[in-house]
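**Student:** To be precise about what I am sending: the file is called entry.txt and holds compact mmCIF, C-alpha atoms and all ligand atoms.
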# COMPACT_ATOMS: atom_id res chain seq x y z
CA MET A 1 2.39 10.20 -1.17
CA ILE A 2 -1.07 10.87 0.13
CA ILE A 3 -2.76 7.64 1.14
CA ALA A 4 -6.49 7.27 0.75
CA GLU A 5 -8.99 4.47 1.11
CA LYS A 6 -12.15 3.87 -0.88
CA LYS A 7 -15.32 4.81 0.92
CA PRO A 8 -17.93 2.08 1.26
CA ILE A 9 -20.19 2.15 -1.77
CA GLU A 10 -23.27 2.36 0.48
CA GLU A 11 -22.03 5.68 1.83
CA ILE A 12 -21.53 7.09 -1.67
CA ILE A 13 -24.98 5.86 -2.74
CA GLU A 14 -26.53 7.64 0.20
CA GLU A 15 -24.83 10.91 -0.76
CA ILE A 16 -25.76 10.85 -4.43
CA LYS A 17 -29.15 9.17 -4.49
CA ASP A 18 -31.02 12.41 -5.07
CA PHE A 19 -28.90 13.55 -8.02
CA GLN A 20 -29.62 12.50 -11.56
CA ARG A 21 -26.49 13.33 -13.56
CA ILE A 22 -23.25 12.45 -11.81
CA LEU A 23 -19.60 12.62 -12.76
CA ILE A 24 -17.13 10.26 -11.09
CA LEU A 25 -13.86 12.16 -11.13
CA GLY A 26 -10.58 10.36 -10.52
CA CYS A 27 -7.06 11.63 -10.02
CA ASN A 28 -4.01 10.23 -11.74
CA GLU A 29 -1.54 10.76 -8.94
CA CYS A 30 -1.36 9.65 -5.28
CA VAL A 31 -4.78 8.00 -5.18
CA THR A 32 -4.00 6.05 -8.35
CA VAL A 33 -0.85 4.64 -6.81
CA CYS A 34 -2.64 3.61 -3.62
CA GLU A 35 -5.44 2.07 -5.72
CA ALA A 36 -8.22 4.15 -4.25
CA GLY A 37 -9.13 6.82 -6.77
CA GLY A 38 -7.46 6.32 -10.13
CA LYS A 39 -8.96 5.55 -13.53
CA LYS A 40 -9.55 1.91 -12.62
CA GLU A 41 -11.39 2.76 -9.43
CA VAL A 42 -13.44 5.37 -11.30
CA GLU A 43 -14.52 2.75 -13.84
CA ILE A 44 -15.43 0.24 -11.18
CA LEU A 45 -17.36 2.69 -9.03
CA ALA A 46 -19.22 4.19 -11.99
CA SER A 47 -20.18 0.78 -13.33
CA ALA A 48 -21.32 -0.41 -9.90
CA LEU A 49 -23.39 2.73 -9.30
CA ARG A 50 -25.01 2.58 -12.75
CA MET A 51 -26.08 -0.98 -12.09
CA TYR A 52 -27.25 -0.22 -8.58
CA PHE A 53 -29.58 2.54 -9.73
CA ILE A 54 -30.88 0.59 -12.74
CA ASN A 55 -31.65 -2.20 -10.33
CA LYS A 56 -33.57 0.22 -8.16
CA GLY A 57 -35.59 1.33 -11.17
CA ASN A 58 -33.96 4.75 -11.01
CA GLU A 59 -31.47 4.84 -13.88
CA LYS A 60 -29.00 7.70 -13.67
CA LYS A 61 -26.46 9.23 -15.99
CA ILE A 62 -23.13 8.40 -14.40
CA ASP A 63 -20.04 9.41 -16.36
CA GLU A 64 -16.36 8.87 -15.77
CA LYS A 65 -13.31 11.07 -16.04
CA THR A 66 -9.84 11.01 -14.54
CA LEU A 67 -7.70 14.12 -14.37
CA GLU A 68 -3.93 14.29 -14.21
CA ARG A 69 -4.30 15.97 -10.80
CA GLN A 70 -7.15 17.59 -8.92
CA CYS A 71 -4.93 19.89 -6.87
CA ASP A 72 -3.91 22.06 -9.82
CA HIS A 73 -5.94 24.72 -11.60
CA GLU A 74 -4.96 23.72 -15.09
CA TYR A 75 -6.21 20.14 -14.83
CA LEU A 76 -9.38 21.01 -12.97
CA GLU A 77 -10.17 23.49 -15.74
CA GLU A 78 -10.58 20.52 -18.09
CA ILE A 79 -14.06 19.85 -16.74
CA ARG A 80 -15.30 23.44 -16.85
CA GLU A 81 -16.87 23.03 -20.27
CA ASN A 82 -19.02 20.11 -19.12
CA ILE A 83 -19.61 21.06 -15.53
CA ASP A 84 -23.21 22.03 -16.15
CA ASP A 85 -23.95 18.58 -17.50
CA TYR A 86 -23.80 17.28 -13.94
CA ASP A 87 -25.83 17.71 -10.77
CA ALA A 88 -22.96 16.44 -8.61
CA ILE A 89 -19.40 15.22 -8.75
CA VAL A 90 -18.01 12.30 -6.81
CA SER A 91 -14.31 13.05 -6.51
CA LEU A 92 -11.96 10.17 -5.84
CA ALA A 93 -9.03 12.51 -5.19
CA CYS A 94 -7.71 13.15 -1.70
CA GLY A 95 -9.35 15.79 0.47
CA VAL A 96 -7.16 18.40 -1.19
CA GLY A 97 -8.49 17.59 -4.63
CA VAL A 98 -12.11 17.48 -3.50
CA GLN A 99 -11.83 20.90 -1.86
CA PHE A 100 -9.98 22.45 -4.74
CA ALA A 101 -12.67 21.27 -7.12
CA ALA A 102 -15.37 22.54 -4.75
CA GLU A 103 -13.75 25.98 -4.63
CA LYS A 104 -13.62 26.12 -8.38
CA TYR A 105 -17.13 24.94 -9.13
CA LEU A 106 -19.14 26.79 -6.55
CA THR A 107 -22.59 25.60 -7.53
CA THR A 108 -21.81 21.93 -8.14
CA PRO A 109 -22.03 19.68 -5.07
CA LEU A 110 -18.84 17.70 -4.50
CA VAL A 111 -18.95 14.32 -2.78
CA PRO A 112 -15.75 12.65 -1.57
CA GLY A 113 -15.42 9.08 -2.76
CA VAL A 114 -12.40 8.24 -0.61
CA ASN A 115 -11.24 8.76 2.94
CA THR A 116 -7.88 10.51 2.99
CA VAL A 117 -5.81 8.71 5.57
CA CYS A 118 -2.23 9.92 5.80
CA LEU A 119 1.11 10.66 4.17
CA GLY A 120 2.68 7.30 3.79
CA ALA A 121 4.54 4.72 1.82
CA ASN A 122 3.59 1.53 0.05
CA GLU A 123 5.35 -0.85 2.40
CA ASP A 124 4.14 -3.99 0.74
CA ARG A 125 1.48 -5.09 -1.73
CA GLY A 126 -1.77 -4.00 -0.10
CA LEU A 127 -0.07 -2.28 2.84
CA TRP A 128 0.34 1.48 3.21
CA THR A 129 1.80 2.99 6.34
CA GLU A 130 2.16 6.49 7.69
CA ARG A 131 5.53 8.19 7.57
CA CYS A 132 5.00 11.93 7.94
CA GLN A 133 2.47 14.33 9.42
CA ALA A 134 3.79 17.43 7.68
CA CYS A 135 4.83 19.08 10.92
CA GLY A 136 6.51 21.86 9.00
CA SER A 137 9.93 21.66 10.67
CA CYS A 138 11.50 18.33 9.95
CA VAL A 139 13.71 16.68 12.56
CA LEU A 140 14.70 13.60 10.55
CA ALA A 141 18.35 14.67 10.43
CA LYS A 142 18.53 14.22 14.18
CA THR A 143 16.50 11.05 14.48
CA GLY A 144 18.24 8.68 12.14
CA GLY A 145 15.76 9.37 9.35
CA ILE A 146 12.85 7.98 11.34
CA CYS A 147 10.04 10.34 12.26
CA PRO A 148 9.03 10.49 15.92
CA VAL A 149 6.19 12.88 15.10
CA SER A 150 4.23 10.53 12.87
CA ARG A 151 5.43 7.18 14.12
CA CYS A 152 5.40 7.70 17.85
CA ALA A 153 1.87 7.86 19.23
CA LYS A 154 2.97 10.37 21.86
CA ARG A 155 5.17 12.34 19.50
CA VAL A 156 7.95 12.27 22.10
CA LEU A 157 11.14 13.87 20.89
CA ASN A 158 13.40 12.38 23.52
CA GLY A 159 12.21 8.83 23.64
CA PRO A 160 11.36 6.13 24.13
CA CYS A 161 8.70 6.46 26.78
CA GLY A 162 8.31 3.86 29.51
CA GLY A 163 5.83 1.87 27.46
CA SER A 164 8.36 0.59 24.94
CA THR A 165 8.71 -3.19 25.27
CA ASN A 166 10.85 -5.47 23.12
CA GLY A 167 10.89 -2.91 20.37
CA LYS A 168 7.10 -2.52 20.32
CA CYS A 169 4.90 0.37 21.29
CA GLU A 170 2.46 0.07 24.16
CA LEU A 171 -0.31 0.61 21.58
CA GLY A 172 0.07 -3.04 20.67
CA LYS A 173 2.51 -5.63 19.53
CA ASP A 174 1.92 -4.83 15.86
CA VAL A 175 3.20 -1.29 16.28
CA ASP A 176 6.93 -0.68 16.21
CA CYS A 177 8.26 1.68 18.83
CA ALA A 178 9.50 4.59 16.73
CA TRP A 179 12.21 5.30 19.25
CA GLN A 180 13.47 1.72 19.11
CA LEU A 181 13.69 2.15 15.33
CA ILE A 182 15.53 5.44 15.80
CA ILE A 183 18.04 3.93 18.20
CA ASP A 184 18.60 0.92 15.93
CA ARG A 185 19.18 3.17 12.95
CA LEU A 186 21.49 5.51 14.83
CA ARG A 187 23.47 2.46 15.89
CA ALA A 188 23.69 1.25 12.30
CA LEU A 189 24.90 4.70 11.29
CA GLY A 190 27.51 4.69 14.03
CA LYS A 191 25.85 7.79 15.46
CA LEU A 192 24.56 6.51 18.74
CA ASP A 193 26.23 9.49 20.42
CA ASP A 194 23.50 11.62 18.84
CA TYR A 195 20.96 9.78 20.94
CA GLU A 196 22.50 11.27 24.06
CA LYS A 197 21.88 14.81 22.83
CA VAL A 198 18.68 16.18 24.26
CA ALA A 199 16.35 17.50 21.58
CA PRO A 200 15.32 21.11 22.19
CA ILE A 201 11.67 22.07 22.43
CA LYS A 202 10.23 21.73 18.95
CA ASP A 203 8.68 24.66 17.17
CA TRP A 204 5.09 23.43 16.86
CA SER A 205 3.86 26.68 15.36
CA THR A 206 4.56 25.19 11.92
CA ASP A 207 2.38 22.19 12.76
CA ARG A 208 -1.41 22.08 12.46
CA ALA A 209 -1.72 23.73 15.88
CA GLY A 210 -0.72 27.00 14.24
CA GLY A 211 -3.78 26.91 12.00
CA PRO A 212 -3.92 26.20 8.27
CA ARG A 213 -0.52 26.48 6.69
CA THR A 214 0.65 28.29 3.62
CA VAL A 215 3.82 28.25 1.59
CA THR A 216 4.54 31.51 -0.20
CA ARG A 217 7.44 31.52 -2.61
CA GLU A 218 8.25 34.93 -4.00
CA ASP A 219 11.03 33.37 -6.08
CA VAL A 220 8.60 31.31 -8.14
CA LYS A 221 5.78 33.84 -8.31
CA ILE A 222 5.30 35.60 -11.61
CA MET B 223 -12.13 -34.42 -28.60
CA ARG B 224 -15.79 -33.45 -28.86
CA LEU B 225 -17.42 -32.44 -25.63
CA LYS B 226 -20.95 -31.51 -24.76
CA CYS B 227 -20.93 -28.01 -23.41
CA PRO B 228 -23.63 -25.38 -22.89
CA THR B 229 -23.76 -23.04 -25.86
CA ASP B 230 -25.18 -19.92 -24.33
CA PHE B 231 -22.02 -18.44 -22.94
CA ARG B 232 -19.30 -16.56 -24.65
CA ILE B 233 -15.65 -17.40 -24.17
CA ILE B 234 -13.32 -14.47 -23.84
CA ARG B 235 -9.75 -15.59 -24.22
CA LEU B 236 -7.01 -13.94 -22.22
CA PRO B 237 -3.26 -14.51 -22.18
CA CYS B 238 -3.53 -15.22 -18.44
CA THR B 239 -6.31 -14.89 -15.88
CA GLY B 240 -4.05 -12.32 -14.21
CA LYS B 241 -5.35 -9.97 -16.90
CA VAL B 242 -8.89 -10.15 -15.54
CA ASP B 243 -9.92 -7.02 -13.77
CA ILE B 244 -12.96 -6.21 -11.68
CA ILE B 245 -14.20 -3.84 -14.34
CA HIS B 246 -14.26 -6.62 -16.97
CA ILE B 247 -16.55 -8.63 -14.75
CA LEU B 248 -18.78 -5.67 -13.89
CA ARG B 249 -19.01 -4.60 -17.53
CA SER B 250 -20.14 -8.07 -18.53
CA PHE B 251 -23.10 -7.64 -16.20
CA GLU B 252 -23.72 -4.10 -17.44
CA LYS B 253 -23.81 -5.50 -20.96
CA GLY B 254 -26.36 -8.13 -20.04
CA ALA B 255 -24.54 -11.21 -18.79
CA ASP B 256 -26.36 -13.28 -16.17
CA GLY B 257 -23.16 -14.76 -14.81
CA VAL B 258 -19.42 -14.79 -15.33
CA PHE B 259 -16.94 -17.51 -14.63
CA VAL B 260 -13.21 -17.17 -14.80
CA VAL B 261 -11.21 -20.28 -15.58
CA GLY B 262 -7.54 -20.20 -14.70
CA CYS B 263 -4.71 -22.66 -14.45
CA MET B 264 -4.18 -24.70 -11.32
CA GLU B 265 -3.02 -22.65 -8.38
CA GLY B 266 0.74 -22.89 -8.18
CA ASP B 267 1.01 -23.58 -11.91
CA CYS B 268 0.71 -20.06 -13.25
CA HIS B 269 3.17 -19.38 -16.03
CA PHE B 270 3.38 -15.84 -14.73
CA ASP B 271 3.65 -17.00 -11.14
CA GLN B 272 0.66 -15.28 -9.54
CA GLY B 273 -1.80 -14.53 -12.32
CA ASN B 274 -4.47 -16.94 -11.14
CA PHE B 275 -4.14 -15.76 -7.54
CA ARG B 276 -4.69 -12.22 -8.69
CA ALA B 277 -7.69 -13.37 -10.68
CA ARG B 278 -9.17 -15.04 -7.64
CA LYS B 279 -8.84 -11.80 -5.67
CA LYS B 280 -10.47 -9.86 -8.49
CA VAL B 281 -13.32 -12.33 -8.68
CA GLU B 282 -13.84 -12.07 -4.92
CA GLN B 283 -13.87 -8.28 -5.08
CA ALA B 284 -16.27 -8.27 -8.01
CA ALA B 285 -18.55 -10.66 -6.11
CA LYS B 286 -18.54 -8.33 -3.14
CA ILE B 287 -19.50 -5.36 -5.30
CA LEU B 288 -22.23 -7.37 -7.05
CA ASP B 289 -23.64 -8.23 -3.63
CA GLN B 290 -23.56 -4.58 -2.57
CA ILE B 291 -25.44 -3.42 -5.65
CA GLY B 292 -28.05 -6.13 -5.52
CA VAL B 293 -26.98 -8.12 -8.58
CA GLY B 294 -25.66 -11.01 -6.49
CA GLY B 295 -22.08 -12.09 -5.90
CA GLU B 296 -22.97 -15.74 -6.43
CA ARG B 297 -23.20 -15.01 -10.15
CA VAL B 298 -19.45 -14.86 -10.50
CA ARG B 299 -17.09 -17.74 -9.86
CA MET B 300 -13.51 -18.77 -10.31
CA TYR B 301 -12.48 -22.25 -11.42
CA ASN B 302 -9.05 -23.76 -11.83
CA LEU B 303 -7.93 -26.54 -14.13
CA SER B 304 -4.90 -27.48 -16.14
CA ALA B 305 -4.70 -26.73 -19.84
CA GLY B 306 -5.19 -30.38 -20.83
CA GLU B 307 -8.45 -30.81 -18.95
CA GLY B 308 -11.02 -30.12 -21.64
CA PRO B 309 -13.64 -32.42 -20.08
CA LEU B 310 -13.30 -30.60 -16.78
CA PHE B 311 -13.81 -27.29 -18.57
CA ALA B 312 -17.03 -28.65 -20.00
CA GLU B 313 -18.05 -29.89 -16.58
CA TYR B 314 -17.46 -26.47 -15.02
CA ALA B 315 -19.38 -24.81 -17.84
CA ILE B 316 -22.32 -27.14 -17.24
CA GLU B 317 -22.16 -26.47 -13.50
CA MET B 318 -22.11 -22.73 -14.02
CA ASP B 319 -24.90 -22.92 -16.58
CA LYS B 320 -27.00 -24.86 -14.10
CA LEU B 321 -26.28 -22.43 -11.30
CA ILE B 322 -27.24 -19.41 -13.39
CA ARG B 323 -30.42 -21.10 -14.61
CA GLU B 324 -31.37 -21.73 -11.00
CA LEU B 325 -30.67 -18.12 -10.11
CA GLY B 326 -32.56 -16.87 -13.14
CA PRO B 327 -31.83 -13.78 -15.21
CA SER B 328 -29.74 -10.99 -13.73
CA PRO B 329 -31.85 -8.56 -11.67
CA LEU B 330 -30.44 -5.86 -13.91
CA LYS B 331 -32.15 -7.39 -16.92
CA ILE B 332 -35.39 -7.75 -15.02
CA ALA B 333 -35.26 -4.08 -13.97
CA LYS B 334 -34.52 -2.99 -17.53
CA ASN B 335 -37.37 -5.09 -18.94
CA LYS B 336 -39.75 -3.72 -16.35
CA LYS B 337 -38.86 -0.20 -17.39
CA ALA B 338 -39.20 -1.05 -21.09
CA ASN B 339 -42.62 -2.65 -20.52
CA ALA B 340 -43.82 0.30 -18.49
CA ALA B 341 -42.81 2.73 -21.25
S1 LIG A 401 -5.49 15.81 -5.80
FE1 LIG A 401 -4.64 14.69 -4.09
S2 LIG A 401 -4.39 12.66 -4.91
FE2 LIG A 401 -4.53 14.02 -6.64
S3 LIG A 401 -2.40 14.59 -7.08
FE3 LIG A 401 -3.27 16.16 -5.78
S4 LIG A 401 -2.58 15.51 -3.78
FE4 LIG A 401 -2.38 13.73 -5.03
S1 LIG A 402 9.54 15.42 11.46
FE1 LIG A 402 7.76 16.48 10.63
S2 LIG A 402 8.22 16.86 8.48
FE2 LIG A 402 9.74 15.40 9.22
S3 LIG A 402 8.87 13.40 8.66
FE3 LIG A 402 8.17 13.84 10.74
S4 LIG A 402 6.19 14.88 10.53
FE4 LIG A 402 7.20 14.89 8.53
What is this file in structure tokens?
Ligand code: SF4
Ligand code: SF4

**Tutor:**
Amino acid sequence: MIIAEKKPIEEIIEEIKDFQRILILGCNECVTVCEAGGKKEVEILASALRMYFINKGNEKKIDEKTLERQCDHEYLEEIRENIDDYDAIVSLACGVGVQFAAEKYLTTPLVPGVNTVCLGANEDRGLWTERCQACGSCVLAKTGGICPVSRCAKRVLNGPCGGSTNGKCELGKDVDCAWQLIIDRLRALGKLDDYEKVAPIKDWSTDRAGGPRTVTREDVKI
Amino acid sequence: MRLKCPTDFRIIRLPCTGKVDIIHILRSFEKGADGVFVVGCMEGDCHFDQGNFRARKKVEQAAKILDQIGVGGERVRMYNLSAGEGPLFAEYAIEMDKLIRELGPSPLKIAKNKKANAA
């Protein structure tokens, strides 16, 4: 899923201080699961902001709503009826949701309430770690199911590099060497022979370097 | 057992302090509370294993938010005791009551009153 992190409340205050009627808009999907922008976080942020502004002698109307998703037309349409009741929206969705809402409601300022961090997994309670950078041409079949693009700082495809020490990356001892993980997994799979095969030059045109990416599916278009 | 206990706080009963969420604490302040204290079982004795640890985390987070918005994180506290310790409950209530009296009314109330008086 998409991993996001709450923005510091001070930063949000700074962005919205000049608006009077504000909607805090959550998203029920990724950001709910990583506890950054779901219904609970919407309630907490809205309550905190209401109190902050009352305290400052500048009471504001701050409402709450959480949509099923903010990256789909149909759900974003749910706020169309009330959009003019607000001077600004603080969206707690990922950057995708914020932008999609901004495109839809041209004249309403959109403020992001979270920092979108990566595509990752919930490794442990309170710990989310990156697993994929959406490179657009997945090599996991060749690398024992471990991604050298997102988990190797240098993105080397025939690793490890010379900095790998005792299974750790030269970035620091808290960072696993992705290539050590790959070798360990290939060994567990009995496919260590695969490690000897030199990976061809990767097609990076599907990665971000090729500009913004699009998926067009004629088969699902109506 | 009859115990002397401050009367100006409201007890909200929960099945376990693990049920306490940050929003419950914040809403109490929004609704006019001057302080909130959460009383859970002894750490390590939670019937649901980690409920009181969760509560402590929630209380800490709520305190942080209250600090950030100028209400004051010291107005929320977590206490632990075992179910049989009625006198200790009373003691904690007295302690909290004293603390809040020292701190005075919530700044939120003061701001609201100021606005009402100005109107
Ligand atoms: S808007 Fe972002 S957080 Fe919400 S469902 Fe879509 S991708 Fe996930
Ligand atoms: S190889 Fe590319 S698509 Fe596959 S997991 Fe890594 S970044 Fe994601």

**Student:** Could you please extract the residues within 8 Å of ligand LIG 401 (chain A), counting only C-alpha atoms and all ligand atoms, and hand them back as a PDB file with C-alpha atoms, in the coordinates of the input?

**Tutor:**
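Here's the written file part-v5.pdb:
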ATOM      1  CA  MET A   1       2.390  10.200  -1.170  1.00  0.00           C
ATOM      2  CA  ILE A   2      -1.070  10.870   0.130  1.00  0.00           C
ATOM      3  CA  CYS A  27      -7.060  11.630 -10.020  1.00  0.00           C
ATOM      4  CA  ASN A  28      -4.010  10.230 -11.740  1.00  0.00           C
ATOM      5  CA  GLU A  29      -1.540  10.760  -8.940  1.00  0.00           C
ATOM      6  CA  CYS A  30      -1.360   9.650  -5.280  1.00  0.00           C
ATOM      7  CA  VAL A  31      -4.780   8.000  -5.180  1.00  0.00           C
ATOM      8  CA  THR A  32      -4.000   6.050  -8.350  1.00  0.00           C
ATOM      9  CA  GLY A  37      -9.130   6.820  -6.770  1.00  0.00           C
ATOM     10  CA  GLU A  68      -3.930  14.290 -14.210  1.00  0.00           C
ATOM     11  CA  ARG A  69      -4.300  15.970 -10.800  1.00  0.00           C
ATOM     12  CA  GLN A  70      -7.150  17.590  -8.920  1.00  0.00           C
ATOM     13  CA  CYS A  71      -4.930  19.890  -6.870  1.00  0.00           C
ATOM     14  CA  ASP A  72      -3.910  22.060  -9.820  1.00  0.00           C
ATOM     15  CA  ALA A  93      -9.030  12.510  -5.190  1.00  0.00           C
ATOM     16  CA  CYS A  94      -7.710  13.150  -1.700  1.00  0.00           C
ATOM     17  CA  GLY A  95      -9.350  15.790   0.470  1.00  0.00           C
ATOM     18  CA  VAL A  96      -7.160  18.400  -1.190  1.00  0.00           C
ATOM     19  CA  GLY A  97      -8.490  17.590  -4.630  1.00  0.00           C
ATOM     20  CA  VAL A  98     -12.110  17.480  -3.500  1.00  0.00           C
TER      21      VAL A  98
END

**Student:** Using only C-alpha atoms and all ligand atoms, pick whichever of A:Gly26, A:Gly136, A:Gly126, A:Pro112 has the shortest atom-to-atom distance to ligand LIG 402 (chain A).

**Tutor:** A:Gly136

**Student:** Could you jot down the CA of Val298 (chain B) to CA of Phe259 (chain B) separation for me, Å, one decimal place?

**Tutor:**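 Going from CA of Val298 (chain B) over to CA of Phe259 (chain B) covers 5.5 Å.
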
**Student:** Report, in Å to a single decimal, how far apart CA of Lys61 (chain A) and CA of Arg80 (chain A) are.

**Tutor:** 18.1 Å

**Student:** Taking only C-alpha atoms into account, report as a PDB file with C-alpha atoms, in the coordinates of the input which residues of chain B lie within 10 Å of chain A.

**Tutor:**
ATOM      1  CA  ASP B 243      -9.920  -7.020 -13.770  1.00  0.00           C
ATOM      2  CA  ILE B 244     -12.960  -6.210 -11.680  1.00  0.00           C
ATOM      3  CA  ILE B 245     -14.200  -3.840 -14.340  1.00  0.00           C
ATOM      4  CA  HIS B 246     -14.260  -6.620 -16.970  1.00  0.00           C
ATOM      5  CA  ILE B 247     -16.550  -8.630 -14.750  1.00  0.00           C
ATOM      6  CA  LEU B 248     -18.780  -5.670 -13.890  1.00  0.00           C
ATOM      7  CA  ARG B 249     -19.010  -4.600 -17.530  1.00  0.00           C
ATOM      8  CA  PHE B 251     -23.100  -7.640 -16.200  1.00  0.00           C
ATOM      9  CA  GLU B 252     -23.720  -4.100 -17.440  1.00  0.00           C
ATOM     10  CA  ALA B 284     -16.270  -8.270  -8.010  1.00  0.00           C
ATOM     11  CA  ILE B 287     -19.500  -5.360  -5.300  1.00  0.00           C
ATOM     12  CA  LEU B 288     -22.230  -7.370  -7.050  1.00  0.00           C
ATOM     13  CA  GLN B 290     -23.560  -4.580  -2.570  1.00  0.00           C
ATOM     14  CA  ILE B 291     -25.440  -3.420  -5.650  1.00  0.00           C
ATOM     15  CA  GLY B 292     -28.050  -6.130  -5.520  1.00  0.00           C
ATOM     16  CA  VAL B 293     -26.980  -8.120  -8.580  1.00  0.00           C
ATOM     17  CA  SER B 328     -29.740 -10.990 -13.730  1.00  0.00           C
ATOM     18  CA  PRO B 329     -31.850  -8.560 -11.670  1.00  0.00           C
ATOM     19  CA  LEU B 330     -30.440  -5.860 -13.910  1.00  0.00           C
ATOM     20  CA  LYS B 331     -32.150  -7.390 -16.920  1.00  0.00           C
ATOM     21  CA  ILE B 332     -35.390  -7.750 -15.020  1.00  0.00           C
ATOM     22  CA  ALA B 333     -35.260  -4.080 -13.970  1.00  0.00           C
ATOM     23  CA  LYS B 334     -34.520  -2.990 -17.530  1.00  0.00           C
ATOM     24  CA  LYS B 336     -39.750  -3.720 -16.350  1.00  0.00           C
ATOM     25  CA  LYS B 337     -38.860  -0.200 -17.390  1.00  0.00           C
TER      26      LYS B 337
END

**Student:** Compile the contact shell of Tyr86 (chain A) as a ChimeraX atom specification: residues with an atom at most 7 Å away, counting all atoms listed in the file, same-chain residues fewer than 6 positions apart removed.

**Tutor:** /A:21-23

**Student:** Just how far from CA of Val175 (chain A) is CA of Thr143 (chain A), in Å to one decimal?

**Tutor:** 18.2 Å

**Student:** Kindly provide, as an mmCIF file with C-alpha atoms, in the coordinates of the input, all nucleotide and amino acid residues lying within 10 Å of ligand LIG 402 (chain A), counting only C-alpha atoms and all ligand atoms.

**Tutor:**
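pocket-v3.cif, freshly written:
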data_model
loop_
_atom_site.group_PDB
_atom_site.id
_atom_site.type_symbol
_atom_site.label_atom_id
_atom_site.label_comp_id
_atom_site.auth_asym_id
_atom_site.auth_seq_id
_atom_site.Cartn_x
_atom_site.Cartn_y
_atom_site.Cartn_z
ATOM 1 C CA LEU A 119 1.110 10.660 4.170
ATOM 2 C CA GLY A 120 2.680 7.300 3.790
ATOM 3 C CA GLU A 130 2.160 6.490 7.690
ATOM 4 C CA ARG A 131 5.530 8.190 7.570
ATOM 5 C CA CYS A 132 5.000 11.930 7.940
ATOM 6 C CA GLN A 133 2.470 14.330 9.420
ATOM 7 C CA ALA A 134 3.790 17.430 7.680
ATOM 8 C CA CYS A 135 4.830 19.080 10.920
ATOM 9 C CA GLY A 136 6.510 21.860 9.000
ATOM 10 C CA SER A 137 9.930 21.660 10.670
ATOM 11 C CA CYS A 138 11.500 18.330 9.950
ATOM 12 C CA VAL A 139 13.710 16.680 12.560
ATOM 13 C CA LEU A 140 14.700 13.600 10.550
ATOM 14 C CA ALA A 141 18.350 14.670 10.430
ATOM 15 C CA LYS A 142 18.530 14.220 14.180
ATOM 16 C CA THR A 143 16.500 11.050 14.480
ATOM 17 C CA GLY A 145 15.760 9.370 9.350
ATOM 18 C CA ILE A 146 12.850 7.980 11.340
ATOM 19 C CA CYS A 147 10.040 10.340 12.260
ATOM 20 C CA PRO A 148 9.030 10.490 15.920
ATOM 21 C CA VAL A 149 6.190 12.880 15.100
ATOM 22 C CA SER A 150 4.230 10.530 12.870
ATOM 23 C CA ARG A 151 5.430 7.180 14.120
ATOM 24 C CA CYS A 152 5.400 7.700 17.850
ATOM 25 C CA ARG A 155 5.170 12.340 19.500
ATOM 26 C CA LEU A 157 11.140 13.870 20.890
ATOM 27 C CA LYS A 202 10.230 21.730 18.950
ATOM 28 C CA TRP A 204 5.090 23.430 16.860
ATOM 29 C CA THR A 206 4.560 25.190 11.920
ATOM 30 C CA ASP A 207 2.380 22.190 12.760
#
